[in-house]
>>> print(open('upload-v3.cif').read())   # mmCIF, C-alpha atoms and all ligand atoms
data_query
loop_
_atom_site.label_atom_id
_atom_site.label_comp_id
_atom_site.auth_asym_id
_atom_site.auth_seq_id
_atom_site.Cartn_x
_atom_site.Cartn_y
_atom_site.Cartn_z
CA MET A 1 0.00 0.00 0.00
CA CYS A 2 1.49 3.36 -1.02
CA TYR A 3 1.14 6.49 1.04
CA THR A 4 -1.14 8.28 -1.45
CA GLU A 5 -3.49 5.30 -1.54
CA CYS A 6 -3.48 5.16 2.19
CA VAL A 7 -4.40 8.83 2.60
CA LYS A 8 -7.13 8.48 -0.04
CA TYR A 9 -8.72 5.55 1.77
CA TYR A 10 -8.18 7.19 5.09
CA ASN A 11 -10.16 10.22 3.96
CA GLU A 12 -13.03 8.06 2.70
CA GLY A 13 -14.50 7.05 5.97
CA GLU A 14 -14.10 6.94 9.68
CA GLU A 15 -14.89 3.22 9.90
CA LYS A 16 -12.05 2.24 7.56
CA ARG A 17 -9.36 4.10 9.46
CA PRO A 18 -8.27 1.53 12.04
CA GLU A 19 -7.84 -1.09 9.34
CA ILE A 20 -5.98 1.27 7.01
CA ALA A 21 -3.77 2.39 9.86
CA ARG A 22 -2.79 -1.19 10.59
CA LEU A 23 -2.09 -1.95 6.92
CA TRP A 24 -0.02 1.18 6.49
CA ALA A 25 1.93 0.62 9.67
CA ARG A 26 2.59 -3.00 8.79
CA SER A 27 3.70 -2.27 5.22
CA THR A 28 5.98 0.65 6.01
CA GLY A 29 6.79 0.59 9.69
CA SER A 30 5.37 4.09 9.70
CA TYR A 31 2.07 5.53 10.81
CA LEU A 32 -0.75 7.71 9.60
CA VAL A 33 -0.92 11.44 9.71
CA MET A 34 -3.18 12.85 12.40
CA LYS A 35 -6.65 14.20 11.86
CA ARG A 36 -6.79 17.99 11.86
CA THR A 37 -8.51 18.13 15.24
CA ASP A 38 -5.88 15.82 16.72
CA LYS A 39 -3.14 18.07 15.36
CA GLN A 40 -4.78 21.04 17.03
CA ALA A 41 -5.07 19.11 20.29
CA ALA A 42 -1.42 18.00 20.10
CA LEU A 43 -0.22 21.56 19.46
CA ALA A 44 -2.34 22.90 22.32
CA GLU A 45 -0.87 20.25 24.64
CA LEU A 46 2.70 21.07 23.54
CA ALA A 47 2.04 24.77 24.12
CA THR A 48 0.78 23.98 27.62
CA LEU A 49 3.70 21.68 28.39
CA TYR A 50 6.40 24.10 27.24
CA PRO A 51 5.12 27.67 27.56
CA ASP A 52 8.63 29.04 28.07
CA ALA A 53 10.42 26.97 25.44
CA LYS A 54 13.39 28.88 24.08
CA PRO A 55 16.77 28.20 22.44
CA ALA A 56 19.34 26.55 24.70
CA LEU A 57 22.30 28.06 22.85
CA HIS A 58 23.86 31.15 24.40
CA TYR A 59 24.27 34.17 22.12
CA SER A 60 23.92 37.93 22.20
CA THR A 61 23.98 38.83 18.49
CA PRO A 62 22.82 37.19 15.23
CA TYR A 63 26.47 36.49 14.41
CA GLU A 64 27.07 34.67 17.70
CA LEU A 65 23.92 32.64 17.15
CA LEU A 66 25.03 31.72 13.64
CA VAL A 67 28.41 30.49 14.89
CA ALA A 68 26.77 28.59 17.77
CA VAL A 69 24.31 26.87 15.44
CA ILE A 70 27.10 25.84 13.05
CA LEU A 71 28.98 24.38 16.03
CA SER A 72 25.90 22.56 17.33
CA ALA A 73 25.78 20.03 14.46
CA GLN A 74 26.30 16.58 16.01
CA CYS A 75 27.09 18.23 19.35
CA THR A 76 25.14 19.05 22.50
CA ASP A 77 24.06 22.62 23.18
CA GLU A 78 25.76 22.39 26.60
CA ARG A 79 29.12 21.64 24.99
CA VAL A 80 28.65 24.44 22.44
CA ASN A 81 27.88 26.91 25.25
CA ILE A 82 31.12 25.97 27.02
CA VAL A 83 33.11 26.44 23.81
CA THR A 84 31.48 29.71 22.74
CA ALA A 85 31.82 31.25 26.22
CA LYS A 86 35.59 31.17 25.67
CA LEU A 87 35.57 31.84 21.92
CA PHE A 88 33.27 34.88 22.09
CA GLU A 89 35.39 36.56 24.77
CA ARG A 90 37.69 37.68 21.96
CA TYR A 91 36.07 36.58 18.69
CA SER A 92 32.42 37.56 18.73
CA THR A 93 32.30 39.41 15.40
CA PRO A 94 33.14 38.38 11.84
CA GLN A 95 35.88 41.04 11.84
CA ALA A 96 37.56 39.45 14.86
CA MET A 97 36.91 35.87 13.73
CA VAL A 98 38.76 36.24 10.41
CA THR A 99 41.92 37.24 12.28
CA LEU A 100 42.13 33.62 13.44
CA THR A 101 43.85 31.03 11.30
CA GLN A 102 42.08 27.75 10.60
CA LYS A 103 44.39 25.97 13.09
CA GLN A 104 43.82 28.57 15.83
CA LEU A 105 40.05 28.33 15.46
CA GLU A 106 40.22 24.52 15.46
CA LYS A 107 41.87 24.63 18.87
CA TYR A 108 38.96 26.64 20.30
CA ILE A 109 36.24 24.41 18.87
CA PHE A 110 37.98 21.03 18.96
CA SER A 111 35.63 19.51 21.57
CA CYS A 112 32.51 20.19 19.44
CA GLY A 113 33.51 17.49 16.95
CA PHE A 114 33.92 17.83 13.18
CA TYR A 115 36.15 20.73 14.12
CA ARG A 116 38.04 21.02 10.81
CA MET A 117 34.91 21.33 8.73
CA LYS A 118 33.22 23.62 11.28
CA ALA A 119 36.26 25.92 11.46
CA GLU A 120 36.36 26.10 7.68
CA HIS A 121 32.65 26.96 7.53
CA ILE A 122 32.84 29.59 10.27
CA LEU A 123 35.82 31.34 8.65
CA SER A 124 34.35 31.15 5.19
CA ALA A 125 30.91 32.38 6.35
CA SER A 126 32.59 35.22 8.29
CA ARG A 127 34.50 36.32 5.19
CA ASP A 128 31.28 36.22 3.14
CA ILE A 129 29.47 38.31 5.76
CA LEU A 130 32.23 40.93 5.58
CA GLU A 131 32.60 40.95 1.81
CA LYS A 132 29.04 40.44 0.63
CA PHE A 133 26.85 41.70 3.47
CA ASP A 134 28.75 44.70 4.90
CA GLY A 135 29.62 42.82 8.06
CA GLU A 136 25.98 42.09 9.01
CA VAL A 137 24.44 38.62 9.16
CA PRO A 138 21.85 38.54 6.35
CA ASN A 139 18.25 38.43 7.55
CA THR A 140 16.53 36.18 5.02
CA VAL A 141 16.63 32.40 4.76
CA GLU A 142 17.71 32.59 1.12
CA MET A 143 20.67 34.89 1.83
CA LEU A 144 21.68 32.97 4.94
CA MET A 145 21.84 29.80 2.87
CA THR A 146 24.48 31.35 0.61
CA LEU A 147 26.91 31.28 3.56
CA ALA A 148 29.29 28.34 3.98
CA GLY A 149 28.00 25.61 6.26
CA VAL A 150 24.52 27.10 6.42
CA GLY A 151 21.78 24.72 5.31
CA LYS A 152 18.03 25.09 5.64
CA LYS A 153 17.91 24.12 9.31
CA THR A 154 20.62 26.57 10.38
CA ALA A 155 19.14 29.33 8.23
CA ASN A 156 15.68 28.75 9.71
CA VAL A 157 17.02 28.85 13.28
CA VAL A 158 18.90 32.12 12.72
CA TYR A 159 16.02 33.66 10.78
CA SER A 160 13.40 32.77 13.40
CA VAL A 161 15.41 33.18 16.61
CA ALA A 162 17.68 36.13 15.77
CA PHE A 163 15.34 38.04 13.43
CA GLY A 164 11.90 36.96 14.64
CA GLY A 165 10.96 35.49 11.26
CA ALA A 166 8.38 32.74 10.80
CA ALA A 167 10.16 29.46 10.13
CA ILE A 168 10.26 25.91 11.46
CA ALA A 169 13.76 24.49 11.70
CA VAL A 170 13.66 20.70 11.45
CA ASP A 171 16.44 19.17 13.52
CA THR A 172 16.67 15.57 14.66
CA HIS A 173 14.16 16.07 17.52
CA VAL A 174 11.59 17.91 15.40
CA PHE A 175 11.94 15.28 12.68
CA ARG A 176 11.48 12.35 15.05
CA VAL A 177 8.63 13.73 17.18
CA SER A 178 6.67 15.06 14.19
CA ASN A 179 6.84 11.71 12.42
CA ARG A 180 6.02 9.66 15.50
CA LEU A 181 3.11 11.80 16.54
CA GLY A 182 1.77 11.96 13.01
CA LEU A 183 1.81 15.75 13.17
CA ALA A 184 3.89 15.80 9.98
CA LYS A 185 5.13 12.87 7.97
CA GLY A 186 8.18 12.84 5.77
CA THR A 187 11.35 10.97 5.02
CA THR A 188 13.46 14.12 4.69
CA PRO A 189 13.73 17.24 6.91
CA LEU A 190 12.43 19.37 4.04
CA ALA A 191 9.34 17.19 3.60
CA VAL A 192 8.65 17.37 7.35
CA GLU A 193 9.17 21.14 7.34
CA GLU A 194 6.66 21.56 4.51
CA ALA A 195 4.13 19.33 6.25
CA LEU A 196 4.58 21.17 9.55
CA CYS A 197 4.10 24.52 7.85
CA LYS A 198 0.75 23.25 6.54
CA ALA A 199 -0.29 21.79 9.89
CA ILE A 200 0.65 24.72 12.13
CA PRO A 201 -0.58 28.32 11.97
CA LYS A 202 2.23 30.60 10.75
CA LYS A 203 2.20 32.64 13.96
CA ASP A 204 3.23 29.50 15.87
CA TRP A 205 5.94 28.18 13.52
CA SER A 206 8.91 29.37 15.58
CA LYS A 207 7.37 28.37 18.89
CA ALA A 208 6.43 24.94 17.53
CA HIS A 209 10.07 24.26 16.70
CA HIS A 210 10.99 24.78 20.37
CA TRP A 211 7.99 22.77 21.64
CA LEU A 212 9.00 19.78 19.53
CA VAL A 213 12.67 20.07 20.50
CA TYR A 214 11.74 20.16 24.20
CA HIS A 215 9.43 17.19 23.84
CA GLY A 216 12.09 15.23 21.96
CA ARG A 217 14.69 15.96 24.61
CA ARG A 218 12.54 15.42 27.67
CA VAL A 219 10.00 12.73 26.75
CA CYS A 220 10.08 11.41 23.19
CA HIS A 221 13.69 10.22 23.29
CA SER A 222 15.26 8.69 20.24
CA GLN A 223 15.74 5.39 22.07
CA ARG A 224 13.02 4.37 24.50
CA PRO A 225 10.49 7.19 24.26
CA ALA A 226 8.62 7.60 27.55
CA CYS A 227 5.21 6.86 26.02
CA GLU A 228 3.65 5.67 29.28
CA SER A 229 4.07 9.05 30.92
CA CYS A 230 3.58 11.12 27.73
CA THR A 231 0.47 13.30 27.83
CA LEU A 232 0.23 13.10 24.04
CA LYS A 233 -0.03 9.32 23.89
CA HIS A 234 -3.80 9.28 23.25
CA LEU A 235 -3.12 11.30 20.07
CA CYS A 236 0.10 9.64 18.97
CA ASP A 237 0.20 7.12 16.13
CA PHE A 238 3.49 5.65 17.30
CA ALA A 239 2.07 4.96 20.76
CA LYS A 240 -1.14 3.55 19.31
CA HIS A 241 0.75 1.07 17.14
CA LYS A 242 3.59 0.28 19.48
CA PRO A 243 3.74 -3.48 20.04
CA LYS A 244 2.49 -4.43 23.49
CA LYS A 245 5.11 -6.01 25.76
S1 LIG A 301 3.47 8.88 22.97
FE1 LIG A 301 5.60 8.16 22.81
S2 LIG A 301 6.12 8.34 20.63
FE2 LIG A 301 4.27 9.54 20.98
S3 LIG A 301 5.01 11.63 21.33
FE3 LIG A 301 4.77 10.64 23.34
S4 LIG A 301 6.78 9.77 23.80
FE4 LIG A 301 6.76 10.23 21.60
#
>>> encode(input="upload-v3.cif", output="structure tokens")
Amino acid sequence: MCYTECVKYYNEGEEKRPEIARLWARSTGSYLVMKRTDKQAALAELATLYPDAKPALHYSTPYELLVAVILSAQCTDERVNIVTAKLFERYSTPQAMVTLTQKQLEKYIFSCGFYRMKAEHILSASRDILEKFDGEVPNTVEMLMTLAGVGKKTANVVYSVAFGGAAIAVDTHVFRVSNRLGLAKGTTPLAVEEALCKAIPKKDWSKAHHWLVYHGRRVCHSQRPACESCTLKHLCDFAKHKPKK
């Protein structure tokens, strides 16, 4: 059974849904998208659970946030905050950063992992900011993505967090929780982002990113999600189809 077929049948009638859900789950190991009312209920619950959700990375300017987000790939926010606390004491602007050599920067960021590539990206992005954007971090997703090491996720984070733009950055937590819940289905971050943008009112896009990150970190862990204590379990396709022990 393909996904399109599944959605078509799913939309045909309430009584067919449990059967279709089982067939879809069995054939793909995945689960159905939520009904619209369930999506609204899930978003309302997430908003209640995490009213103060905010970025965990420390920064005081768009440039610092950009550097921190580049460093956060495959690294914990806690580790990045330790590294940037030292780095930003002297190198918190693109002007200052480009005075470092690749090797010098690598020494600062070594513990974040992938340090050669990250140092290269930070220096290259800093030079671009100076040469192409008059020393200011660009404030659109498209322009941000022209910088070295800046993909859609990083651009969305900087755009939404530093500039207050409406965007949903899909990191590993957002990707996992959205798919499990059935809030947005997709096999790539871009597909999940597009589905989330359709499911969530634009005014909540940025907040929803933080809600899903918090839920992924605190409850819906990658290994062993805490479904028994999760207040979204009555809405969640993963929980509904999880094999009973
Ligand atoms: S019920 Fe389980 S899988 Fe679903 S959102 Fe909660 S923790 Fe994640």
>>> residues_around(input="upload-v3.cif", residues="region 37-54 of chain A", least_positions_apart="2", cutoff="8 Å", atoms="all atoms listed in the file", output="list in words")
Met34, Lys35, Ala56, Leu183, Ala199, Lys207, Ala208, His210, Trp211, Leu212, Tyr214, His215, Thr231, Leu232 and Leu235 of chain A
>>> residues_near_ligand(input="upload-v3.cif", ligand="ligand LIG 301 (chain A)", cutoff="6 Å", atoms="all atoms listed in the file", output="ChimeraX atom specification")
/A:177,180-181,219-220,225-227,230,232-233,236,238-239
>>> closest_residue(input="upload-v3.cif", among="A:Met97, A:Ala184, A:Val158, A:Asp134", to="Ile122 (chain A)", atoms="all atoms listed in the file")
A:Met97
>>> residues_around(input="upload-v3.cif", residues="region 104-111 of chain A", least_positions_apart="2", cutoff="12 Å", atoms="only C-alpha atoms", output="PyMOL selection string")
chain A and resi 67-68+70-72+74-76+78-91+96-102+113-123
>>> atom_distance(input="upload-v3.cif", atom1="CA of Tyr159 (chain A)", atom2="CA of Arg127 (chain A)")
19.5 Å
>>> decode(input="upload-v3.cif", residues="region 73-121 of chain A", atoms="C-alpha atoms", output="PDB file, in the first residue's frame")
ATOM      1  CA  ALA A  73      25.779  20.031  14.459  1.00  0.00           C
ATOM      2  CA  GLN A  74      26.297  16.581  16.008  1.00  0.00           C
ATOM      3  CA  CYS A  75      27.092  18.227  19.347  1.00  0.00           C
ATOM      4  CA  THR A  76      25.143  19.054  22.498  1.00  0.00           C
ATOM      5  CA  ASP A  77      24.056  22.621  23.184  1.00  0.00           C
ATOM      6  CA  GLU A  78      25.762  22.389  26.600  1.00  0.00           C
ATOM      7  CA  ARG A  79      29.123  21.636  24.988  1.00  0.00           C
ATOM      8  CA  VAL A  80      28.652  24.440  22.437  1.00  0.00           C
ATOM      9  CA  ASN A  81      27.877  26.905  25.245  1.00  0.00           C
ATOM     10  CA  ILE A  82      31.117  25.973  27.021  1.00  0.00           C
ATOM     11  CA  VAL A  83      33.112  26.443  23.811  1.00  0.00           C
ATOM     12  CA  THR A  84      31.483  29.711  22.738  1.00  0.00           C
ATOM     13  CA  ALA A  85      31.820  31.245  26.220  1.00  0.00           C
ATOM     14  CA  LYS A  86      35.594  31.173  25.669  1.00  0.00           C
ATOM     15  CA  LEU A  87      35.567  31.837  21.917  1.00  0.00           C
ATOM     16  CA  PHE A  88      33.274  34.875  22.091  1.00  0.00           C
ATOM     17  CA  GLU A  89      35.386  36.557  24.775  1.00  0.00           C
ATOM     18  CA  ARG A  90      37.687  37.678  21.957  1.00  0.00           C
ATOM     19  CA  TYR A  91      36.070  36.576  18.689  1.00  0.00           C
ATOM     20  CA  SER A  92      32.417  37.555  18.728  1.00  0.00           C
ATOM     21  CA  THR A  93      32.296  39.409  15.399  1.00  0.00           C
ATOM     22  CA  PRO A  94      33.143  38.375  11.840  1.00  0.00           C
ATOM     23  CA  GLN A  95      35.884  41.037  11.839  1.00  0.00           C
ATOM     24  CA  ALA A  96      37.560  39.447  14.857  1.00  0.00           C
ATOM     25  CA  MET A  97      36.911  35.865  13.730  1.00  0.00           C
ATOM     26  CA  VAL A  98      38.758  36.241  10.411  1.00  0.00           C
ATOM     27  CA  THR A  99      41.920  37.242  12.281  1.00  0.00           C
ATOM     28  CA  LEU A 100      42.135  33.623  13.443  1.00  0.00           C
ATOM     29  CA  THR A 101      43.853  31.030  11.305  1.00  0.00           C
ATOM     30  CA  GLN A 102      42.079  27.754  10.604  1.00  0.00           C
ATOM     31  CA  LYS A 103      44.386  25.975  13.085  1.00  0.00           C
ATOM     32  CA  GLN A 104      43.819  28.567  15.827  1.00  0.00           C
ATOM     33  CA  LEU A 105      40.045  28.325  15.464  1.00  0.00           C
ATOM     34  CA  GLU A 106      40.216  24.524  15.461  1.00  0.00           C
ATOM     35  CA  LYS A 107      41.871  24.629  18.875  1.00  0.00           C
ATOM     36  CA  TYR A 108      38.964  26.642  20.304  1.00  0.00           C
ATOM     37  CA  ILE A 109      36.243  24.410  18.869  1.00  0.00           C
ATOM     38  CA  PHE A 110      37.975  21.026  18.959  1.00  0.00           C
ATOM     39  CA  SER A 111      35.626  19.513  21.566  1.00  0.00           C
ATOM     40  CA  CYS A 112      32.514  20.188  19.438  1.00  0.00           C
ATOM     41  CA  GLY A 113      33.510  17.489  16.946  1.00  0.00           C
ATOM     42  CA  PHE A 114      33.917  17.828  13.178  1.00  0.00           C
ATOM     43  CA  TYR A 115      36.154  20.731  14.118  1.00  0.00           C
ATOM     44  CA  ARG A 116      38.044  21.015  10.806  1.00  0.00           C
ATOM     45  CA  MET A 117      34.915  21.334   8.733  1.00  0.00           C
ATOM     46  CA  LYS A 118      33.220  23.624  11.276  1.00  0.00           C
ATOM     47  CA  ALA A 119      36.260  25.918  11.459  1.00  0.00           C
ATOM     48  CA  GLU A 120      36.357  26.095   7.682  1.00  0.00           C
ATOM     49  CA  HIS A 121      32.653  26.956   7.526  1.00  0.00           C
TER      50      HIS A 121
END
